[in-house]
Each structure stands twice: as C-alpha cells, then as structure tokens.
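As stored in final.pdb (PDB, C-alpha atoms, pLDDT in the B column):
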```
ATOM      1  CA  GLY M  63     215.429  -4.916 178.255  1.00 54.00           C
ATOM      2  CA  CYS M  64     212.936  -2.208 179.146  1.00 73.00           C
ATOM      3  CA  CYS M  65     212.797   0.165 182.082  1.00 85.00           C
ATOM      4  CA  ASN M  66     209.492   1.136 183.725  1.00 86.00           C
ATOM      5  CA  ASP M  67     210.286   4.866 183.753  1.00 87.00           C
ATOM      6  CA  GLU M  68     210.832   7.148 180.715  1.00 87.00           C
ATOM      7  CA  SER M  69     213.668   8.943 182.523  1.00 88.00           C
ATOM      8  CA  LEU M  70     215.628   5.671 182.777  1.00 89.00           C
ATOM      9  CA  GLU M  71     217.507   3.746 180.126  1.00 88.00           C
ATOM     10  CA  CYS M  72     218.784   0.183 180.056  1.00 87.00           C
ATOM     11  CA  VAL M  73     222.604   0.131 180.326  1.00 85.00           C
ATOM     12  CA  PRO M  74     224.777  -3.010 180.061  1.00 84.00           C
ATOM     13  CA  THR M  75     226.782  -3.769 183.217  1.00 85.00           C
ATOM     14  CA  GLU M  76     228.357  -7.037 182.080  1.00 85.00           C
ATOM     15  CA  GLU M  77     229.317  -7.948 178.535  1.00 83.00           C
ATOM     16  CA  PHE M  78     231.554 -10.246 176.503  1.00 82.00           C
ATOM     17  CA  ASN M  79     232.662 -10.683 172.891  1.00 83.00           C
ATOM     18  CA  ILE M  80     231.311 -13.352 170.565  1.00 85.00           C
ATOM     19  CA  THR M  81     233.147 -14.193 167.348  1.00 85.00           C
ATOM     20  CA  MET M  82     231.127 -15.875 164.605  1.00 86.00           C
ATOM     21  CA  GLN M  83     232.145 -17.303 161.265  1.00 87.00           C
ATOM     22  CA  ILE M  84     230.178 -15.654 158.473  1.00 86.00           C
ATOM     23  CA  MET M  85     230.017 -16.916 154.895  1.00 87.00           C
ATOM     24  CA  ARG M  86     229.906 -14.084 152.374  1.00 84.00           C
ATOM     25  CA  ILE M  87     228.616 -14.992 148.936  1.00 86.00           C
ATOM     26  CA  LYS M  88     229.244 -12.601 146.060  1.00 83.00           C
ATOM     27  CA  PRO M  89     227.684 -13.310 142.658  1.00 84.00           C
ATOM     28  CA  HIS M  90     230.308 -14.208 140.020  1.00 82.00           C
ATOM     29  CA  GLN M  91     233.104 -13.945 142.611  1.00 81.00           C
ATOM     30  CA  GLY M  92     232.448 -16.990 144.775  1.00 83.00           C
ATOM     31  CA  GLN M  93     232.247 -17.179 148.526  1.00 83.00           C
ATOM     32  CA  HIS M  94     234.556 -16.807 151.482  1.00 82.00           C
ATOM     33  CA  ILE M  95     234.337 -17.364 155.197  1.00 84.00           C
ATOM     34  CA  GLY M  96     235.249 -14.488 157.470  1.00 83.00           C
ATOM     35  CA  GLU M  97     234.870 -13.735 161.144  1.00 82.00           C
ATOM     36  CA  MET M  98     232.831 -11.004 162.796  1.00 83.00           C
ATOM     37  CA  SER M  99     232.900 -10.048 166.456  1.00 83.00           C
ATOM     38  CA  PHE M 100     229.878  -8.836 168.382  1.00 82.00           C
ATOM     39  CA  LEU M 101     229.461  -7.448 171.881  1.00 82.00           C
ATOM     40  CA  GLN M 102     226.988  -9.578 173.866  1.00 84.00           C
ATOM     41  CA  HIS M 103     225.304  -8.010 176.911  1.00 83.00           C
ATOM     42  CA  ASN M 104     225.037 -10.398 179.885  1.00 85.00           C
ATOM     43  CA  LYS M 105     223.458  -8.108 182.473  1.00 86.00           C
ATOM     44  CA  CYS M 106     221.786  -4.718 182.248  1.00 87.00           C
ATOM     45  CA  GLU M 107     220.332  -2.252 184.714  1.00 88.00           C
ATOM     46  CA  CYS M 108     218.136   0.834 184.545  1.00 90.00           C
ATOM     47  CA  ARG M 109     220.022   4.087 185.016  1.00 89.00           C
ATOM     48  CA  PRO M 110     218.979   7.741 184.655  1.00 90.00           C
ATOM     49  CA  LYS M 111     219.198   9.018 181.098  1.00 85.00           C
ATOM     50  CA  LYS M 112     221.820  11.636 180.307  1.00 79.00           C
ATOM     51  CA  ASP M 113     220.631  15.286 180.393  1.00 65.00           C
ATOM     52  CA  LYS M 114     217.476  15.020 178.254  1.00 52.00           C
ATOM     53  CA  ALA M 115     217.288  18.731 177.329  1.00 52.00           C
ATOM     54  CA  ARG M 116     220.807  18.550 175.899  1.00 52.00           C
ATOM     55  CA  GLN M 117     219.937  15.439 173.846  1.00 50.00           C
ATOM     56  CA  GLU M 118     216.868  17.106 172.316  1.00 52.00           C
ATOM     57  CA  LYS M 119     218.874  20.216 171.432  1.00 52.00           C
ATOM     58  CA  LYS M 120     221.448  18.046 169.621  1.00 52.00           C
ATOM     59  CA  SER M 121     218.830  16.237 167.546  1.00 51.00           C
ATOM     60  CA  VAL M 122     217.270  19.534 166.358  1.00 53.00           C
ATOM     61  CA  ARG M 123     220.574  20.813 164.998  1.00 53.00           C
ATOM     62  CA  GLY M 124     221.108  19.531 161.444  1.00 55.00           C
ATOM     63  CA  LYS M 125     224.187  19.244 159.301  1.00 54.00           C
ATOM     64  CA  GLY M 126     225.813  22.476 158.219  1.00 58.00           C
ATOM     65  CA  LYS M 127     226.345  23.083 154.513  1.00 61.00           C
ATOM     66  CA  GLY M 128     229.127  20.897 153.165  1.00 62.00           C
ATOM     67  CA  GLN M 129     229.524  18.950 156.400  1.00 59.00           C
ATOM     68  CA  LYS M 130     229.328  15.193 156.531  1.00 60.00           C
ATOM     69  CA  ARG M 131     227.162  13.423 159.049  1.00 58.00           C
ATOM     70  CA  LYS M 132     229.305  11.868 161.770  1.00 57.00           C
ATOM     71  CA  ARG M 133     229.021   8.139 162.356  1.00 53.00           C
ATOM     72  CA  LYS M 134     227.667   7.109 165.724  1.00 50.00           C
ATOM     73  CA  LYS M 135     230.343   5.546 167.873  1.00 48.00           C
ATOM     74  CA  SER M 136     229.558   2.613 170.105  1.00 46.00           C
ATOM     75  CA  ARG M 137     227.711   4.003 173.130  1.00 44.00           C
ATOM     76  CA  TYR M 138     229.110   1.465 175.575  1.00 41.00           C
ATOM     77  CA  LYS M 139     232.769   0.535 175.597  1.00 43.00           C
ATOM     78  CA  SER M 140     233.793  -2.916 176.748  1.00 41.00           C
ATOM     79  CA  TRP M 141     234.892  -3.046 180.386  1.00 42.00           C
ATOM     80  CA  SER M 142     237.968  -5.092 179.493  1.00 45.00           C
ATOM     81  CA  ALA M 143     240.995  -3.415 177.905  1.00 45.00           C
ATOM     82  CA  PRO M 144     240.476  -3.242 174.124  1.00 64.00           C
ATOM     83  CA  CYS M 145     242.965  -4.696 171.673  1.00 75.00           C
ATOM     84  CA  GLY M 146     245.213  -2.363 169.716  1.00 77.00           C
ATOM     85  CA  PRO M 147     244.389  -1.976 166.017  1.00 77.00           C
ATOM     86  CA  CYS M 148     245.796  -4.516 163.540  1.00 78.00           C
ATOM     87  CA  SER M 149     246.835  -1.768 161.136  1.00 73.00           C
ATOM     88  CA  GLU M 150     246.553   1.988 161.359  1.00 67.00           C
ATOM     89  CA  ARG M 151     245.736   2.462 157.670  1.00 72.00           C
ATOM     90  CA  ARG M 152     243.983  -0.629 156.304  1.00 78.00           C
ATOM     91  CA  LYS M 153     241.738  -1.797 159.161  1.00 78.00           C
ATOM     92  CA  HIS M 154     239.172  -3.233 156.731  1.00 82.00           C
ATOM     93  CA  LEU M 155     241.664  -5.861 155.484  1.00 85.00           C
ATOM     94  CA  PHE M 156     242.108  -7.470 158.910  1.00 84.00           C
ATOM     95  CA  VAL M 157     239.976  -9.406 161.368  1.00 84.00           C
ATOM     96  CA  GLN M 158     240.876  -9.545 165.057  1.00 82.00           C
ATOM     97  CA  ASP M 159     240.131 -12.176 167.673  1.00 79.00           C
ATOM     98  CA  PRO M 160     238.868 -10.165 170.685  1.00 76.00           C
ATOM     99  CA  GLN M 161     239.998 -12.826 173.187  1.00 75.00           C
ATOM    100  CA  THR M 162     243.613 -13.153 171.987  1.00 81.00           C
ATOM    101  CA  CYS M 163     243.944  -9.822 170.092  1.00 82.00           C
ATOM    102  CA  LYS M 164     245.500 -11.890 167.268  1.00 84.00           C
ATOM    103  CA  CYS M 165     245.181 -10.296 163.829  1.00 85.00           C
ATOM    104  CA  SER M 166     244.579 -12.284 160.665  1.00 86.00           C
ATOM    105  CA  CYS M 167     243.764 -11.433 157.065  1.00 88.00           C
ATOM    106  CA  LYS M 168     240.203 -11.252 155.782  1.00 86.00           C
ATOM    107  CA  ASN M 169     241.528 -12.244 152.361  1.00 88.00           C
ATOM    108  CA  THR M 170     242.524 -15.880 151.956  1.00 89.00           C
ATOM    109  CA  ASP M 171     245.308 -17.329 149.811  1.00 90.00           C
ATOM    110  CA  SER M 172     242.734 -19.221 147.719  1.00 91.00           C
ATOM    111  CA  ARG M 173     240.681 -16.066 147.185  1.00 91.00           C
ATOM    112  CA  CYS M 174     243.758 -14.216 145.908  1.00 92.00           C
ATOM    113  CA  LYS M 175     244.826 -17.167 143.705  1.00 92.00           C
ATOM    114  CA  ALA M 176     241.358 -17.230 142.119  1.00 94.00           C
ATOM    115  CA  ARG M 177     242.217 -13.748 140.813  1.00 93.00           C
ATOM    116  CA  GLN M 178     245.776 -14.792 139.757  1.00 93.00           C
ATOM    117  CA  LEU M 179     247.227 -12.880 142.716  1.00 93.00           C
ATOM    118  CA  GLU M 180     249.201 -13.770 145.859  1.00 92.00           C
ATOM    119  CA  LEU M 181     248.250 -13.016 149.452  1.00 92.00           C
ATOM    120  CA  ASN M 182     250.721 -10.652 151.111  1.00 90.00           C
ATOM    121  CA  GLU M 183     250.426 -11.728 154.758  1.00 86.00           C
ATOM    122  CA  ARG M 184     252.103  -8.566 156.048  1.00 85.00           C
ATOM    123  CA  THR M 185     249.635  -6.183 154.376  1.00 87.00           C
ATOM    124  CA  CYS M 186     246.722  -8.672 153.950  1.00 88.00           C
ATOM    125  CA  ARG M 187     246.313  -7.547 150.346  1.00 89.00           C
ATOM    126  CA  CYS M 188     246.172  -9.569 147.141  1.00 92.00           C
ATOM    127  CA  ASP M 189     249.268  -8.507 145.182  1.00 92.00           C
ATOM    128  CA  LYS M 190     250.601  -9.341 141.721  1.00 91.00           C
ATOM    129  CA  PRO M 191     253.016 -12.293 141.911  1.00 87.00           C
ATOM    130  CA  ARG M 192     256.719 -11.385 141.925  1.00 80.00           C
ATOM    131  CA  ARG M 193     258.723 -12.606 138.939  1.00 73.00           C
TER     132      ARG M 193
END
```

How does the structure come out when it is put into structure tokens?
Amino acid sequence: GCCNDESLECVPTEEFNITMQIMRIKPHQGQHIGEMSFLQHNKCECRPKKDKARQEKKSVRGKGKGQKRKRKKSRYKSWSAPCGPCSERRKHLFVQDPQTCKCSCKNTDSRCKARQLELNERTCRCDKPRR
C-alpha cells in the first residue's frame, strides 16, 4: 500500500505465513517438489519513517576494503513466536512448516536413490549406502 505523505511508510500490523509447494526443475537432474514459506501481510498502516537523516548517512557509506556486503534481514518480524531452527549447521537442507514448526528434509528418498544414494533422515543428506 501507499501512504499520502513522504515522511510515512506502510508497515504491516497483521500478518500470517503461507506455505506453497514449488516444483523445481533442473536440466539433466529431474524435478522435485519442495515447500517455501512466505509472510503474507493482512493489514498495514502508515507510520512515521525512522530517522531519515540517519538512513541517508548509512546509504552514503560504502563497503570498506575487504569487507563483504551484509545481507538485509527481514524488516518486519512476525508477531507470533518464531519456530526454532531445524538444524544449526545445515539449514538449507531442511524445510519447516511455520504453523506446526515441524521440520522435514528438502531432499527426498527418490531423489537420493536416483543418484545411487540413501536419504539420511537425521541429517537430511544423501549419503552413500552402508554395506
């Protein structure tokens, strides 16, 4: 939504999670269905922008030599308590249902078997079969 005044910004006041099934197709590797969660804004309202002078000062300052650009974190946190992470180290291997906080593997057993590997459900990795 848009606010009528430049000093105001639209801020979500009510939001919920949506989980969608996404089919990923990779050439020569096949396809697999995974889930992605998105934050849907239900209601928004116009609120004063944060200190504008401070924001402009930040944008002028560039990266220092040898420093990586920091990723932007989500500006608005969900009002409900967030779920704990599925794994501290290998977050990219898991998908999490935001309603139940249940973790499941992005890899599927059939995807691992197509590569002559087995799905390790504890780590969510495709491992060499044990003999």

Enter the distance from atom CA of M:Lys168 to atom CA of M:Asn79, in Å, rounded to one decimal.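 Atom CA of M:Asn79 lies 18.7 Å from atom CA of M:Lys168.
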
Tell me, as a ChimeraX atom specification, which residues lie within 12 Å of M:His90, counting all atoms listed in the file; anything in the same chain fewer than 3 positions away does not count. /M:87,93,176-177

For the file shown, report as a PyMOL selection string the outcome of the PyMOL selection byres ((chain M and resi 72) around 7) at residue level. chain M and resi 63-65+70-71+73-74+106-109

Carefully work through the PyMOL selection byres ((chain M and resi 170-172) around 9) for this structure and note down the residues it includes, as a list in words.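 Expected selection for the PyMOL selection byres ((chain M and resi 170-172) around 9) here is His94, Ile95, Cys167, Lys168, Asn169, Arg173, Cys174, Lys175, Ala176, Arg177, Leu179, Glu180, Leu181, Asn182, Cys186 and Cys188 of chain M.
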
Padded axis-aligned box of stretch 174-187 of chain M (3 Å per side), centre and edge lengths, Å, one decimal, as AutoDock Vina command-line options:
```
--center_x 246.7 --center_y -11.7 --center_z 147.9 --size_x 16.7 --size_y 17.0 --size_z 22.3
```

Selection under test: the PyMOL selection byres ((chain M and resi 156-165) around 9); residues as a list in words: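 Given this file, the PyMOL selection byres ((chain M and resi 156-165) around 9) evaluates to Asn79, Ile80, Thr81, Gly96, Glu97, Met98, Ser99, Pro144, Cys145, Gly146, Pro147, Cys148, Ser149, Arg152, Lys153, His154, Leu155, Ser166, Cys167, Lys168, Asn169, Thr185 and Cys186 of chain M.
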
Could you tell me how far atom CA of M:Arg193 lies from atom CA of M:Gln91, in Å and to one decimal?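 Atom CA of M:Gln91 lies 25.9 Å from atom CA of M:Arg193.
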
What separation in Å, quoted to one decimal, exists between atom CA of M:Phe100 and atom CA of M:Lys88?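 Computing it gives 22.6 Å between the two atoms.
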